[in-house]
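K.L.:
Handing you a structure now.
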Amino acid sequence: MPFVKKSFRVDKPIKAFLYLIRTFKYSQGEAQRLIARGRLLIKNESMRDSSKVIQGDIEIVYFEPKGKGVKPLFQTKDFMIFEKNSGILVHPNTMATEYSMLDDIREIAGDYANGVHRIDMETSGLLMASKHKKSESSLKGLFEKRIIRKSYLAWVDGKVTEPFNVEKSISIRSDYTKSKHKVKIDLTGKSAYTEFFPKLYDEELDASLISCFPHTGRTHQIRIHLFDMGHPILGDPIYGTEFDASDRYLEGKISTKDRFKYTGATRLMLHAQSLEFFYKNNFLIESKIDFENMKSKICPKEQRI
């Protein structure tokens, strides 16, 4: 497990955040965030006041990466690009998370390396990570300004023969009693625009492979736009199935067999295919994964519920 707890002896009275800065070479912000997250413990209880004076025995919980030997697809002195598998988190979501991409990112490039954009756990494909704080700030800024252009591939339900685009605003859902969708189409929401281009149709599966080009970066944008158009992504446990199956998925209670027939695939059939951007030089990085042939993970049409 990447989070470890170690004991330290503080001989002289000192403010908690100053101790972390001087002992671990943290910035003030990093020290204060660690304390705010309850990772400094006194007598086995979290101490969250960064300005409190500490002395004596303390414990600190911190991230110690334990990589699995995943190597970058491409790297420079400033950043790395990985092929992320479906089902893997980019960052640990709790201290109990056994593995995330951050383990390999930091094992390769050190404590200041970090993922610089969002990619859902169930989505596979290209993930960019910075190697140091300066590039992290710059690259995150490029993503936020939509200067880095992303494309995806998706296997969707039904036949798609013509290109189409969706320009429908999206808002975060506040009530999950009738729907487990995290977002919804909403005229009062934030603007969202996605272009879609069909690549092929598999008649036996009644499934289409399409390219997806999001021009905005809203949460679950591709997933909700395709669902709204009547072509949900196969394997989508939130937007591609009924309330009960979504609920069981979120509770971790849905079997692999039920996931397969209720959602249409063993995993979310969405793949981050390319990244195109300028960062000191022009780059176009494309995934080496043969996502087209991942249709073997799709449930036959007659077995889907």
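Residue names in the structure tokens use chain letters A, B, ... in the order shown, residue numbers from 1 in each chain, and ligand numbers from 1 in the order shown.
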Quick one: everything within 12 Å of segment 188-193 of chain A, counting only C-alpha atoms, minus sequence neighbours fewer than 3 positions away in the same chain. Send it as a PyMOL selection string.

P.N.:
chain A and resi 164-173+183-185+196+212-226

K.L.:
Per DSSP on the backbone, what are the strand (DSSP E or B) residues of segment 139-273 of chain A, as a VMD selection string?

P.N.:
chain A and resid 149 to 157 164 to 167 170 to 172 183 to 185 190 193 to 202 207 to 214 233 265 270 to 273

K.L.:
For the selection just defined, write its residues with N, CA and C atoms to a file, as a CSV table (one decimal), in the first residue's frame.

P.N.:
```csv
chain,number,residue,atom,x,y,z
A,149,ARG,N,-5.2,19.3,-27.4
A,149,ARG,CA,-6.4,18.7,-28.1
A,149,ARG,C,-6.4,17.2,-27.9
A,150,LYS,N,-7.5,16.7,-27.4
A,150,LYS,CA,-7.7,15.2,-27.1
A,150,LYS,C,-8.6,14.6,-28.0
A,151,SER,N,-8.4,13.3,-28.4
A,151,SER,CA,-9.4,12.5,-29.1
A,151,SER,C,-9.5,11.2,-28.4
A,152,TYR,N,-10.7,10.6,-28.6
A,152,TYR,CA,-11.1,9.4,-27.9
A,152,TYR,C,-11.7,8.4,-29.0
A,153,LEU,N,-11.6,7.2,-28.7
A,153,LEU,CA,-12.4,6.1,-29.4
A,153,LEU,C,-13.4,5.5,-28.5
A,154,ALA,N,-14.6,5.2,-29.0
A,154,ALA,CA,-15.6,4.6,-28.2
A,154,ALA,C,-16.4,3.6,-29.1
A,155,TRP,N,-16.7,2.5,-28.4
A,155,TRP,CA,-17.6,1.5,-29.0
A,155,TRP,C,-19.0,1.8,-28.4
A,156,VAL,N,-19.9,2.1,-29.2
A,156,VAL,CA,-21.3,2.5,-28.8
A,156,VAL,C,-22.3,1.6,-29.3
A,157,ASP,N,-23.5,1.6,-28.6
A,157,ASP,CA,-24.6,0.8,-28.9
A,157,ASP,C,-25.3,1.3,-30.2
A,164,PHE,N,-21.6,13.5,-36.6
A,164,PHE,CA,-22.6,14.4,-35.9
A,164,PHE,C,-21.9,15.1,-34.8
A,165,ASN,N,-22.5,16.2,-34.3
A,165,ASN,CA,-21.9,16.9,-33.2
A,165,ASN,C,-23.0,17.2,-32.2
A,166,VAL,N,-22.6,17.4,-31.0
A,166,VAL,CA,-23.6,17.6,-29.9
A,166,VAL,C,-23.1,18.9,-29.2
A,167,GLU,N,-24.0,19.9,-29.1
A,167,GLU,CA,-23.7,21.1,-28.4
A,167,GLU,C,-24.8,21.3,-27.4
A,170,ILE,N,-24.1,21.1,-19.8
A,170,ILE,CA,-24.1,20.0,-18.8
A,170,ILE,C,-24.0,20.6,-17.4
A,171,SER,N,-24.7,20.0,-16.5
A,171,SER,CA,-24.6,20.4,-15.1
A,171,SER,C,-24.4,19.2,-14.2
A,172,ILE,N,-23.8,19.4,-13.0
A,172,ILE,CA,-23.7,18.3,-12.1
A,172,ILE,C,-25.0,18.0,-11.4
A,183,VAL,N,-23.9,13.6,-14.2
A,183,VAL,CA,-24.2,14.9,-14.8
A,183,VAL,C,-25.5,14.7,-15.6
A,184,LYS,N,-26.0,15.8,-16.1
A,184,LYS,CA,-27.2,15.8,-16.9
A,184,LYS,C,-27.2,16.9,-17.9
A,185,ILE,N,-27.9,16.7,-19.0
A,185,ILE,CA,-28.1,17.8,-20.0
A,185,ILE,C,-29.0,18.8,-19.3
A,190,LYS,N,-23.1,24.3,-17.9
A,190,LYS,CA,-22.0,24.8,-18.6
A,190,LYS,C,-22.0,24.3,-20.0
A,193,TYR,N,-19.4,21.0,-26.0
A,193,TYR,CA,-19.5,20.7,-27.4
A,193,TYR,C,-18.6,19.5,-27.8
A,194,THR,N,-19.1,18.5,-28.5
A,194,THR,CA,-18.3,17.3,-28.9
A,194,THR,C,-18.6,17.0,-30.3
A,195,GLU,N,-17.6,16.6,-31.1
A,195,GLU,CA,-17.8,16.1,-32.5
A,195,GLU,C,-17.6,14.6,-32.5
A,196,PHE,N,-18.3,13.9,-33.3
A,196,PHE,CA,-18.3,12.5,-33.4
A,196,PHE,C,-18.2,12.1,-34.9
A,197,PHE,N,-17.3,11.1,-35.2
A,197,PHE,CA,-17.1,10.6,-36.5
A,197,PHE,C,-17.1,9.0,-36.5
A,198,PRO,N,-18.0,8.4,-37.3
A,198,PRO,CA,-18.0,6.9,-37.3
A,198,PRO,C,-16.8,6.4,-38.0
A,199,LYS,N,-16.3,5.2,-37.5
A,199,LYS,CA,-15.2,4.6,-38.1
A,199,LYS,C,-15.6,3.2,-38.7
A,200,LEU,N,-16.4,2.5,-38.0
A,200,LEU,CA,-16.9,1.2,-38.5
A,200,LEU,C,-18.1,0.7,-37.7
A,201,TYR,N,-18.8,-0.2,-38.4
A,201,TYR,CA,-20.0,-0.8,-37.7
A,201,TYR,C,-19.9,-2.3,-37.7
A,202,ASP,N,-20.1,-2.9,-36.6
A,202,ASP,CA,-20.1,-4.4,-36.5
A,202,ASP,C,-21.6,-4.8,-36.4
A,207,ALA,N,-22.9,-2.7,-32.9
A,207,ALA,CA,-22.1,-1.7,-32.2
A,207,ALA,C,-21.2,-1.0,-33.2
A,208,SER,N,-21.0,0.3,-33.0
A,208,SER,CA,-20.2,1.2,-33.8
A,208,SER,C,-19.0,1.7,-33.1
A,209,LEU,N,-17.9,1.7,-33.8
A,209,LEU,CA,-16.6,2.4,-33.3
A,209,LEU,C,-16.6,3.8,-33.8
A,210,ILE,N,-16.5,4.8,-32.9
A,210,ILE,CA,-16.5,6.2,-33.4
A,210,ILE,C,-15.4,6.9,-32.7
A,211,SER,N,-14.9,8.0,-33.4
A,211,SER,CA,-13.9,8.9,-32.9
A,211,SER,C,-14.7,10.1,-32.2
A,212,CYS,N,-14.1,10.5,-31.1
A,212,CYS,CA,-14.8,11.5,-30.3
A,212,CYS,C,-13.8,12.7,-30.1
A,213,PHE,N,-14.2,13.9,-30.4
A,213,PHE,CA,-13.4,15.1,-30.2
A,213,PHE,C,-14.1,16.1,-29.3
A,214,PRO,N,-13.8,16.1,-28.0
A,214,PRO,CA,-14.4,17.1,-27.1
A,214,PRO,C,-13.7,18.4,-27.2
A,233,ILE,N,-22.2,4.5,-24.6
A,233,ILE,CA,-21.0,3.8,-24.7
A,233,ILE,C,-21.2,2.4,-24.1
A,265,ALA,N,-20.7,-4.7,-21.9
A,265,ALA,CA,-19.3,-5.0,-22.0
A,265,ALA,C,-18.7,-5.2,-20.6
A,270,LEU,N,-14.4,3.1,-23.7
A,270,LEU,CA,-13.9,4.5,-24.0
A,270,LEU,C,-12.4,4.5,-23.9
A,271,HIS,N,-11.7,5.1,-24.9
A,271,HIS,CA,-10.3,5.0,-24.9
A,271,HIS,C,-9.7,6.4,-25.3
A,272,ALA,N,-8.8,6.9,-24.5
A,272,ALA,CA,-8.1,8.2,-24.9
A,272,ALA,C,-7.0,7.9,-25.9
A,273,GLN,N,-7.3,8.3,-27.2
A,273,GLN,CA,-6.5,7.9,-28.3
A,273,GLN,C,-5.4,8.8,-28.7
```

K.L.:
Quick one: distance from atom CA of Tyr249 of chain A to atom CA of Gly158 of chain A in Å, one decimal?

P.N.:
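Between atom CA of Tyr249 of chain A and atom CA of Gly158 of chain A the gap works out to 23.2 Å.
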
K.L.:
DSSP on the backbone, alpha helix (DSSP H) only: what residues of segment 52-127 of chain A does that give? Format it as a list in words.

P.N.:
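Of segment 52-127 of chain A, the ones in alpha helix (DSSP H) are Met101, Leu102, Asp103, Asp104, Ile105, Arg106, Glu107, Ile108 and Ala109 of chain A.
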
K.L.:
List as a CSV table (one decimal) with N, CA and C atoms, in the first residue's frame the protein and nucleic acid residues near Arg106 of chain A, meaning an atom at most 12 Å away when only C-alpha atoms are counted, but skip any in the same chain fewer than 2 places from it.

P.N.:
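Output saved as part_37.csv:
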```csv
chain,number,residue,atom,x,y,z
A,2,PRO,N,0.7,2.2,-0.9
A,2,PRO,CA,1.6,3.4,-1.0
A,2,PRO,C,1.6,4.3,0.1
A,63,PHE,N,2.8,9.5,1.2
A,63,PHE,CA,2.8,8.7,0.0
A,63,PHE,C,4.2,8.2,-0.3
A,64,GLU,N,4.3,6.8,-0.4
A,64,GLU,CA,5.6,6.2,-0.7
A,64,GLU,C,5.3,5.3,-1.9
A,65,PRO,N,5.6,5.7,-3.1
A,65,PRO,CA,5.2,5.0,-4.3
A,65,PRO,C,5.7,3.5,-4.4
A,66,LYS,N,4.8,2.7,-4.9
A,66,LYS,CA,5.1,1.3,-5.1
A,66,LYS,C,4.6,0.9,-6.5
A,67,GLY,N,5.5,1.2,-7.5
A,67,GLY,CA,5.1,1.0,-8.9
A,67,GLY,C,5.0,-0.4,-9.3
A,68,LYS,N,4.4,-0.6,-10.5
A,68,LYS,CA,4.3,-2.0,-11.0
A,68,LYS,C,5.2,-2.1,-12.3
A,69,GLY,N,6.1,-1.2,-12.5
A,69,GLY,CA,7.0,-1.3,-13.6
A,69,GLY,C,6.4,-0.8,-14.9
A,70,VAL,N,5.3,0.0,-14.8
A,70,VAL,CA,4.7,0.6,-16.0
A,70,VAL,C,5.7,1.7,-16.6
A,71,LYS,N,6.0,1.6,-17.8
A,71,LYS,CA,7.0,2.5,-18.4
A,71,LYS,C,6.2,3.5,-19.3
A,72,PRO,N,6.7,4.7,-19.4
A,72,PRO,CA,6.1,5.7,-20.3
A,72,PRO,C,6.1,5.3,-21.8
A,79,PHE,N,7.9,16.0,-19.2
A,79,PHE,CA,6.7,15.2,-19.0
A,79,PHE,C,6.8,13.8,-19.5
A,80,MET,N,5.9,13.0,-19.1
A,80,MET,CA,5.8,11.6,-19.6
A,80,MET,C,4.3,11.3,-20.0
A,90,VAL,N,-6.0,7.3,-11.6
A,90,VAL,CA,-4.8,8.2,-11.8
A,90,VAL,C,-4.1,8.5,-10.5
A,91,HIS,N,-5.0,8.9,-9.5
A,91,HIS,CA,-4.5,9.3,-8.2
A,91,HIS,C,-5.3,8.4,-7.2
A,100,SER,N,-2.3,3.2,-7.8
A,100,SER,CA,-2.8,4.1,-8.8
A,100,SER,C,-1.6,4.4,-9.8
A,101,MET,N,-1.9,5.1,-10.9
A,101,MET,CA,-0.9,5.5,-11.8
A,101,MET,C,0.2,6.3,-11.1
A,102,LEU,N,-0.2,7.1,-10.1
A,102,LEU,CA,0.8,7.9,-9.4
A,102,LEU,C,1.9,7.1,-8.8
A,103,ASP,N,1.7,5.9,-8.5
A,103,ASP,CA,2.8,5.0,-8.0
A,103,ASP,C,3.9,4.9,-9.0
A,104,ASP,N,3.6,4.6,-10.2
A,104,ASP,CA,4.6,4.5,-11.2
A,104,ASP,C,5.1,5.9,-11.7
A,108,ILE,N,9.2,6.7,-11.1
A,108,ILE,CA,10.0,7.1,-12.2
A,108,ILE,C,10.7,8.4,-12.1
A,109,ALA,N,9.8,9.4,-11.7
A,109,ALA,CA,10.3,10.8,-11.8
A,109,ALA,C,10.4,11.6,-10.4
A,110,GLY,N,10.1,10.9,-9.3
A,110,GLY,CA,10.2,11.5,-8.0
A,110,GLY,C,9.0,12.1,-7.4
A,111,ASP,N,9.1,12.7,-6.3
A,111,ASP,CA,8.0,13.2,-5.4
A,111,ASP,C,7.2,14.3,-6.0
A,112,TYR,N,7.8,15.0,-7.0
A,112,TYR,CA,7.1,16.2,-7.5
A,112,TYR,C,6.4,15.9,-8.9
A,113,ALA,N,6.5,14.7,-9.3
A,113,ALA,CA,5.8,14.3,-10.6
A,113,ALA,C,4.3,14.1,-10.3
A,114,ASN,N,3.5,14.3,-11.3
A,114,ASN,CA,2.1,14.3,-11.0
A,114,ASN,C,1.3,14.2,-12.3
A,115,GLY,N,0.1,13.5,-12.3
A,115,GLY,CA,-0.8,13.5,-13.4
A,115,GLY,C,-1.3,14.9,-13.6
A,129,ALA,N,1.7,13.0,-17.6
A,129,ALA,CA,2.2,13.4,-16.2
A,129,ALA,C,3.4,14.3,-16.3
A,130,SER,N,3.5,15.3,-15.4
A,130,SER,CA,4.6,16.2,-15.4
A,130,SER,C,5.7,15.5,-14.6
A,131,LYS,N,6.9,16.0,-14.8
A,131,LYS,CA,8.1,15.5,-14.0
A,131,LYS,C,8.5,16.4,-12.9
A,132,HIS,N,8.0,17.7,-12.9
A,132,HIS,CA,8.4,18.6,-11.9
A,132,HIS,C,7.3,19.7,-11.8
```

K.L.:
List as a PyMOL selection string the protein and nucleic acid residues near segment 252-260 of chain A, meaning an atom at most 12 Å away when only C-alpha atoms are counted, but skip any in the same chain fewer than 6 places from it.

P.N.:
chain A and resi 234-238+240-242+244-246+266-269+296-301+303-305
